[in-house]
Amino acid sequence: MPGRTISEKILSMKSGRDARAGDLLICAVDYAMATDGSAPMAIDYFEQMGGKGVFDPQRIVFVMDHYSSSAHEATMALQQKMRDFAQKHAIFIHEIGAGISHQLMLETGRTRPGGLLIGADSHSVTGGSLNAFATGVGSSDLAAAMICGRIWLKVPQTIKIILDGNAPEGVYAKDIALALAEQLGADGASYQALEFHGPAVEAMEIDDRIVLSNMSVEMGAKAGIFGADARTFEYLKDRTTERLVPVEADPDAHYVREIVIGVSSLEPRIAHPHAVDKVTSLTAALGTPIQMVYIGTCTGGRVCDFHQVLGILAAAGRLAPGVQLLLSPASKEVELQLQEDGTLEQLRQLGATITVPGCGSCCGTAGPIPADGVNVLSTANRNFKARMGNARASIYLGSPAACAAAAVTGRITDPRKLQN
Amino acid sequence: MGDDVNTDYIISSSRKKETPDPQQLKKYLLETIDPSFAGSVQPDDLLVTGKNFGCGSAMEIAVSVLLAAGIRAVLARSFARTFYRNAINNGLIPVECDTKGIHEGDRLIVTLGEQAILVRNETSGQELVGSPFPAIILDLVTAGGLVPYFKIHHDFVA
């Protein structure tokens, strides 16, 4: 038998079997998470299934992020239904404004090496950045897990992604993620896990690893996993008191494919409307007029992202006329840190509108939506038609730096040209 | 339907914030791709699509709205994994097969067997073999989905 991948090792621990790619296993989950986009339905399923109690209220997390600043009566009723259920079953609930579920699952120390996390939201794969097997499910799977603490999972084959070299100045994790989407396509990793290795990974901050794990679902992946190292432990140091045991792949683990990305020679990327894998170099998109810039989401709404944005905005001194700049910090922790160091105040003075931490405008559910005919450049992970709530708008995706460059010029611009 | 039809196209996130009721949402089914689609669906219609059907968001309402519209099975060259799970859990049959030779209006008969799924195209005479369901999935499908399965077992029985 060959060695095992990180996914095979974690799913072995959670199933009590020697888990190998292709096996269908019943696994014990460490945390089950649902948002206001999925929990109301999960509660209905729970009741239809005859659920009486939850398996362990400490291991269930509810987050109100999708409709964080909605003003619709029906939405308020759905959130109230979550609050009532959470209270009845003593489930912890992150209230409106606390942030995006995926960011909170990292910040609160619930995502740890070797853990199995399921979330009723596709971007739950974000947890792979901290060496956990984290994957998205629907509301019914979540309901079943709330009852019994278990889920059936097919052990995925793994694609080994080797990030070779070092990212040059002006090339960011988002560019690497888009390059990967370009190469693999929207279903290039369907039913499979991505495992990230290579020198560029070792040099990568956790905030950047998060971007790659987060975007792995855009290639159809079930998980996007990193190993654990000193950066992982540093990130979790003040966030958990649990003993952290890293899970490494065996040197002779079997991978279904190996993809090497030469990061040193990578150019900034842009995804064009209306598909995440419709990617070109940023250079090929230069000059595209942009009327709305959105910086935030579980892909690009962390402290380092806003610092980059401020650098570019402050150097220019103003927004381009006719550009609307919307910012949503990924969490309250991010928001408070940016408030403390003065970033938010400066961004406001430069013309940005800052919205409540949460999913915000990303999926057209909370916050401003683009007008007809508007081109948006966003740090988000998806650019499907109507994604931001208007089918007559067009969404481009890029790094926070690319977004900031467009905000000050009114068109797609190479941020490296501005920084020099 | 073509390739990479995502769940936002099946039912838009901004529609579902108003109600999670599939009966009310079914009039918006696939509106982003074809506004006239929802009105054209007849009970027991099958949806035939290309690869990676149901990609993007894991929202289960995409499956519920298809079922509410009267669609019992979706045939695709491949499915996104969350859509596939959600379909199984709700009793919508996902049939993974080569859909290239199927045309709009063809009469199809789908037979679920333990060894394979058979799709007979009565219009063209073509016979297709779909990927079979593994045991636990077949148990869920046979039970009619995760809700009836849990009503009986209250847990996963391996």
# chains A, B, ... in the order shown; residues from 1 in each chain; ligands from 1
>>> residues_around(residues="Ala38 of chain B", least_positions_apart="2", cutoff="8 Å", atoms="only C-alpha atoms", output="list of chain:residue names")
B:Lys26, B:Lys27, B:Tyr28, B:Leu29, B:Leu30, B:Glu31, B:Pro35, B:Ser36, B:Ser40, B:Val41, B:Ala69
>>> interface_residues(of="chain B", to="chain A", cutoff="9 Å", atoms="only C-alpha atoms", output="mmCIF file with C-alpha atoms, in the first residue's frame")
data_model
loop_
_atom_site.group_PDB
_atom_site.id
_atom_site.type_symbol
_atom_site.label_atom_id
_atom_site.label_comp_id
_atom_site.auth_asym_id
_atom_site.auth_seq_id
_atom_site.Cartn_x
_atom_site.Cartn_y
_atom_site.Cartn_z
ATOM 1 C CA ASP B 4 -21.089 24.619 -15.816
ATOM 2 C CA ASN B 6 -24.161 26.969 -11.417
ATOM 3 C CA ASP B 8 -27.037 30.768 -8.739
ATOM 4 C CA TYR B 9 -28.341 30.250 -12.290
ATOM 5 C CA SER B 12 -30.625 33.307 -7.741
ATOM 6 C CA SER B 13 -29.404 34.060 -4.182
ATOM 7 C CA SER B 14 -31.204 37.379 -4.295
ATOM 8 C CA ARG B 15 -34.546 35.610 -4.965
ATOM 9 C CA LYS B 16 -34.174 33.179 -2.091
ATOM 10 C CA LYS B 17 -33.641 35.909 0.479
ATOM 11 C CA GLU B 18 -37.361 36.648 0.166
ATOM 12 C CA THR B 19 -38.547 33.133 0.864
ATOM 13 C CA PRO B 20 -37.135 29.612 1.161
ATOM 14 C CA THR B 32 -30.743 33.952 -15.624
ATOM 15 C CA LYS B 51 -20.704 18.850 -17.461
ATOM 16 C CA ASN B 52 -20.304 20.211 -13.901
ATOM 17 C CA CYS B 55 -21.359 24.135 -9.517
ATOM 18 C CA GLY B 56 -20.807 27.147 -7.275
ATOM 19 C CA SER B 57 -22.817 27.693 -4.117
ATOM 20 C CA ALA B 58 -23.862 24.622 -2.100
ATOM 21 C CA MET B 59 -27.359 26.024 -1.607
ATOM 22 C CA GLU B 60 -29.822 23.178 -1.377
ATOM 23 C CA ILE B 61 -32.730 25.311 -2.538
ATOM 24 C CA SER B 78 -20.891 15.325 -14.514
ATOM 25 C CA PHE B 79 -22.164 17.053 -11.374
ATOM 26 C CA ALA B 80 -20.600 19.403 -8.846
ATOM 27 C CA ARG B 81 -20.254 17.414 -5.638
ATOM 28 C CA THR B 82 -22.454 19.530 -3.378
ATOM 29 C CA PHE B 83 -25.290 19.508 -5.918
ATOM 30 C CA ARG B 85 -25.171 15.255 -2.462
ATOM 31 C CA ASN B 86 -28.125 17.605 -2.184
ATOM 32 C CA ASN B 89 -30.569 13.744 -0.023
ATOM 33 C CA ASN B 90 -33.803 15.139 -1.475
ATOM 34 C CA PRO B 134 -22.481 3.040 -4.290
ATOM 35 C CA ALA B 135 -24.306 1.095 -1.534
ATOM 36 C CA ILE B 136 -24.912 3.895 0.964
ATOM 37 C CA LEU B 146 -32.068 11.732 3.751
ATOM 38 C CA VAL B 147 -35.258 12.794 5.573
ATOM 39 C CA PRO B 148 -37.119 9.464 5.205
ATOM 40 C CA TYR B 149 -33.797 7.629 5.827
ATOM 41 C CA PHE B 150 -33.243 9.489 9.107
ATOM 42 C CA LYS B 151 -36.859 9.053 10.158
ATOM 43 C CA ILE B 152 -36.189 5.307 10.106
ATOM 44 C CA HIS B 154 -31.866 8.352 13.189
ATOM 45 C CA ASP B 155 -28.202 7.909 12.180
ATOM 46 C CA PHE B 156 -26.086 6.551 9.336
ATOM 47 C CA VAL B 157 -26.067 2.776 9.357
ATOM 48 C CA ALA B 158 -22.885 1.546 7.734
#
>>> closest_residue(among="A:Pro400, A:Gly224, A:Pro321, A:Gly410", to="Thr288 of chain A", atoms="only C-alpha atoms")
A:Gly410
>>> atom_distance(atom1="atom CA of Val279 of chain A", atom2="atom CA of Leu325 of chain A")
23.1 Å
>>> select_by_dssp(residues="segment 17-150 of chain B", states="alpha helix (DSSP H)", output="CSV table (one decimal) with N, CA and C atoms, in the first residue's frame")
chain,number,residue,atom,x,y,z
B,22,PRO,N,-39.9,26.6,-2.0
B,22,PRO,CA,-39.6,26.3,-3.4
B,22,PRO,C,-40.9,26.5,-4.3
B,23,GLN,N,-42.1,26.3,-3.7
B,23,GLN,CA,-43.3,26.5,-4.5
B,23,GLN,C,-43.4,27.9,-5.1
B,24,GLN,N,-42.9,28.9,-4.2
B,24,GLN,CA,-43.0,30.3,-4.7
B,24,GLN,C,-41.8,30.6,-5.6
B,25,LEU,N,-40.7,29.9,-5.3
B,25,LEU,CA,-39.4,30.2,-6.1
B,25,LEU,C,-39.4,29.6,-7.5
B,37,PHE,N,-37.9,29.6,-19.3
B,37,PHE,CA,-37.8,28.2,-19.0
B,37,PHE,C,-38.8,27.7,-18.0
B,38,ALA,N,-38.9,28.5,-16.9
B,38,ALA,CA,-39.8,28.0,-15.8
B,38,ALA,C,-41.2,27.7,-16.3
B,39,GLY,N,-41.7,28.5,-17.2
B,39,GLY,CA,-43.1,28.4,-17.7
B,39,GLY,C,-43.2,27.2,-18.6
B,40,SER,N,-42.1,26.7,-19.1
B,40,SER,CA,-42.2,25.6,-20.1
B,40,SER,C,-42.1,24.2,-19.5
B,61,ILE,N,-31.5,24.8,-1.9
B,61,ILE,CA,-32.7,25.3,-2.5
B,61,ILE,C,-32.7,25.1,-4.1
B,62,ALA,N,-31.5,25.0,-4.6
B,62,ALA,CA,-31.4,24.8,-6.1
B,62,ALA,C,-32.1,23.4,-6.4
B,63,VAL,N,-31.9,22.4,-5.6
B,63,VAL,CA,-32.5,21.1,-5.8
B,63,VAL,C,-34.0,21.2,-5.5
B,64,SER,N,-34.3,21.8,-4.4
B,64,SER,CA,-35.8,21.9,-4.0
B,64,SER,C,-36.6,22.6,-5.1
B,65,VAL,N,-36.0,23.6,-5.7
B,65,VAL,CA,-36.8,24.3,-6.7
B,65,VAL,C,-37.0,23.5,-8.0
B,66,LEU,N,-36.0,22.7,-8.3
B,66,LEU,CA,-36.1,21.8,-9.5
B,66,LEU,C,-37.2,20.8,-9.2
B,67,LEU,N,-37.2,20.2,-7.9
B,67,LEU,CA,-38.2,19.3,-7.6
B,67,LEU,C,-39.6,19.9,-7.6
B,68,ALA,N,-39.7,21.1,-7.0
B,68,ALA,CA,-41.0,21.8,-7.0
B,68,ALA,C,-41.5,22.1,-8.4
B,81,ARG,N,-20.0,18.4,-6.7
B,81,ARG,CA,-20.3,17.4,-5.6
B,81,ARG,C,-21.3,17.8,-4.7
B,82,THR,N,-21.4,19.1,-4.3
B,82,THR,CA,-22.5,19.5,-3.4
B,82,THR,C,-23.8,19.4,-4.0
B,83,PHE,N,-24.0,19.7,-5.3
B,83,PHE,CA,-25.3,19.5,-5.9
B,83,PHE,C,-25.7,18.0,-5.9
B,84,TYR,N,-24.7,17.2,-6.2
B,84,TYR,CA,-24.9,15.7,-6.2
B,84,TYR,C,-25.4,15.2,-4.9
B,85,ARG,N,-24.8,15.7,-3.8
B,85,ARG,CA,-25.2,15.3,-2.5
B,85,ARG,C,-26.6,15.7,-2.2
B,86,ASN,N,-26.8,17.0,-2.5
B,86,ASN,CA,-28.1,17.6,-2.2
B,86,ASN,C,-29.2,16.9,-3.0
B,87,ALA,N,-28.9,16.5,-4.2
B,87,ALA,CA,-29.9,15.8,-5.0
B,87,ALA,C,-30.3,14.5,-4.4
B,88,ILE,N,-29.3,13.7,-4.1
B,88,ILE,CA,-29.5,12.4,-3.4
B,88,ILE,C,-30.3,12.6,-2.1
B,89,ASN,N,-29.9,13.6,-1.3
B,89,ASN,CA,-30.6,13.7,0.0
B,89,ASN,C,-32.0,14.1,-0.1
B,90,ASN,N,-32.4,14.7,-1.3
B,90,ASN,CA,-33.8,15.1,-1.5
B,90,ASN,C,-34.6,14.3,-2.4
B,135,ALA,N,-23.3,1.7,-2.4
B,135,ALA,CA,-24.3,1.1,-1.5
B,135,ALA,C,-25.0,2.1,-0.7
B,136,ILE,N,-24.2,3.0,0.0
B,136,ILE,CA,-24.9,3.9,1.0
B,136,ILE,C,-25.8,4.9,0.2
B,137,ILE,N,-25.3,5.3,-1.0
B,137,ILE,CA,-26.1,6.2,-1.8
B,137,ILE,C,-27.4,5.6,-2.3
B,138,LEU,N,-27.2,4.3,-2.7
B,138,LEU,CA,-28.4,3.6,-3.1
B,138,LEU,C,-29.4,3.4,-2.0
B,139,ASP,N,-28.9,3.2,-0.8
B,139,ASP,CA,-29.8,3.2,0.4
B,139,ASP,C,-30.6,4.5,0.5
B,140,LEU,N,-29.9,5.6,0.4
B,140,LEU,CA,-30.5,6.9,0.5
B,140,LEU,C,-31.6,7.1,-0.6
B,141,VAL,N,-31.2,6.8,-1.8
B,141,VAL,CA,-32.1,6.9,-3.0
B,141,VAL,C,-33.3,6.1,-2.8
B,142,THR,N,-33.1,4.8,-2.4
B,142,THR,CA,-34.2,3.9,-2.2
B,142,THR,C,-35.2,4.4,-1.1
B,143,ALA,N,-34.6,5.0,0.0
B,143,ALA,CA,-35.4,5.5,1.1
B,143,ALA,C,-36.2,6.7,0.6
B,146,LEU,N,-32.6,11.8,2.4
B,146,LEU,CA,-32.1,11.7,3.8
B,146,LEU,C,-33.1,11.9,4.8
B,147,VAL,N,-34.2,12.6,4.6
B,147,VAL,CA,-35.3,12.8,5.6
B,147,VAL,C,-36.0,11.5,5.9
B,148,PRO,N,-36.5,10.8,4.9
B,148,PRO,CA,-37.1,9.5,5.2
B,148,PRO,C,-36.1,8.5,5.8
B,149,TYR,N,-34.9,8.5,5.3
B,149,TYR,CA,-33.8,7.6,5.8
B,149,TYR,C,-33.6,7.9,7.3
B,150,PHE,N,-33.5,9.2,7.7
B,150,PHE,CA,-33.2,9.5,9.1
B,150,PHE,C,-34.5,9.2,10.0
>>> residues_around(residues="segment 85-90 of chain A", least_positions_apart="4", cutoff="7 Å", atoms="only C-alpha atoms", output="PyMOL selection string")
chain A and resi 53-54+57+81
>>> write_last_selection(atoms="C-alpha atoms", output="CSV table (one decimal), in the first residue's frame")
chain,number,residue,atom,x,y,z
A,53,GLY,CA,-31.7,17.2,20.2
A,54,VAL,CA,-28.4,18.1,18.7
A,57,PRO,CA,-24.1,22.1,20.9
A,81,LYS,CA,-35.9,31.3,13.4
>>> residues_around(residues="Thr409 of chain A", least_positions_apart="4", cutoff="12 Å", atoms="only C-alpha atoms", output="PyMOL selection string")
chain A and resi 286-293+312-313+316-324+402-405+413-415+417-418
>>> atom_distance(atom1="atom CA of Lys174 of chain A", atom2="atom CA of Gly398 of chain A")
6.8 Å
>>> residues_around(residues="Val245 of chain A", least_positions_apart="5", cutoff="10 Å", atoms="only C-alpha atoms", output="list in words")
Arg112, Pro113, Gly114, Gly115, Asn131, Ala228 and Phe233 of chain A
>>> closest_residue(among="A:Leu212, A:Asp84, A:Gly127, A:Ile412", to="Ser101 of chain A", atoms="only C-alpha atoms")
A:Gly127
>>> select_by_dssp(residues="segment 289-353 of chain A", states="strand (DSSP E)", output="PyMOL selection string")
chain A and resi 292-295+324-327+353
>>> write_last_selection(atoms="C-alpha atoms", output="PDB file, in the first residue's frame")
ATOM      1  CA  MET A 292     -17.741  49.741  -9.118  1.00  0.00           C
ATOM      2  CA  VAL A 293     -14.920  48.270  -7.038  1.00  0.00           C
ATOM      3  CA  TYR A 294     -15.703  45.797  -4.291  1.00  0.00           C
ATOM      4  CA  ILE A 295     -13.081  44.796  -1.740  1.00  0.00           C
ATOM      5  CA  GLN A 324     -18.019  53.599  -6.400  1.00  0.00           C
ATOM      6  CA  LEU A 325     -15.712  51.903  -3.897  1.00  0.00           C
ATOM      7  CA  LEU A 326     -17.305  49.470  -1.462  1.00  0.00           C
ATOM      8  CA  LEU A 327     -15.376  47.749   1.313  1.00  0.00           C
ATOM      9  CA  THR A 353     -18.072  53.244   1.670  1.00  0.00           C
TER      10      THR A 353
END
>>> residues_around(residues="Glu104 of chain B", least_positions_apart="6", cutoff="10 Å", atoms="only C-alpha atoms", output="compact mmCIF listing (two decimals) with N, CA and C atoms, in the first residue's frame")
# COMPACT_ATOMS: atom_id res chain seq x y z
N MET B 1 -29.58 22.40 -21.66
CA MET B 1 -28.67 23.25 -20.89
C MET B 1 -27.22 22.87 -21.22
N LEU B 46 -37.54 15.70 -17.52
CA LEU B 46 -36.16 15.45 -17.10
C LEU B 46 -35.32 16.62 -17.59
N LEU B 47 -34.36 17.02 -16.78
CA LEU B 47 -33.46 18.09 -17.19
C LEU B 47 -32.17 17.44 -17.70
N VAL B 48 -31.74 17.83 -18.89
CA VAL B 48 -30.55 17.24 -19.49
C VAL B 48 -29.51 18.34 -19.69
>>> atom_distance(atom1="atom CA of Ala315 of chain A", atom2="atom CA of Val303 of chain A")
18.5 Å
>>> residues_around(residues="Asn121 of chain B", least_positions_apart="5", cutoff="12 Å", atoms="only C-alpha atoms", output="ChimeraX atom specification")
/B:46,99,101-111,126-129
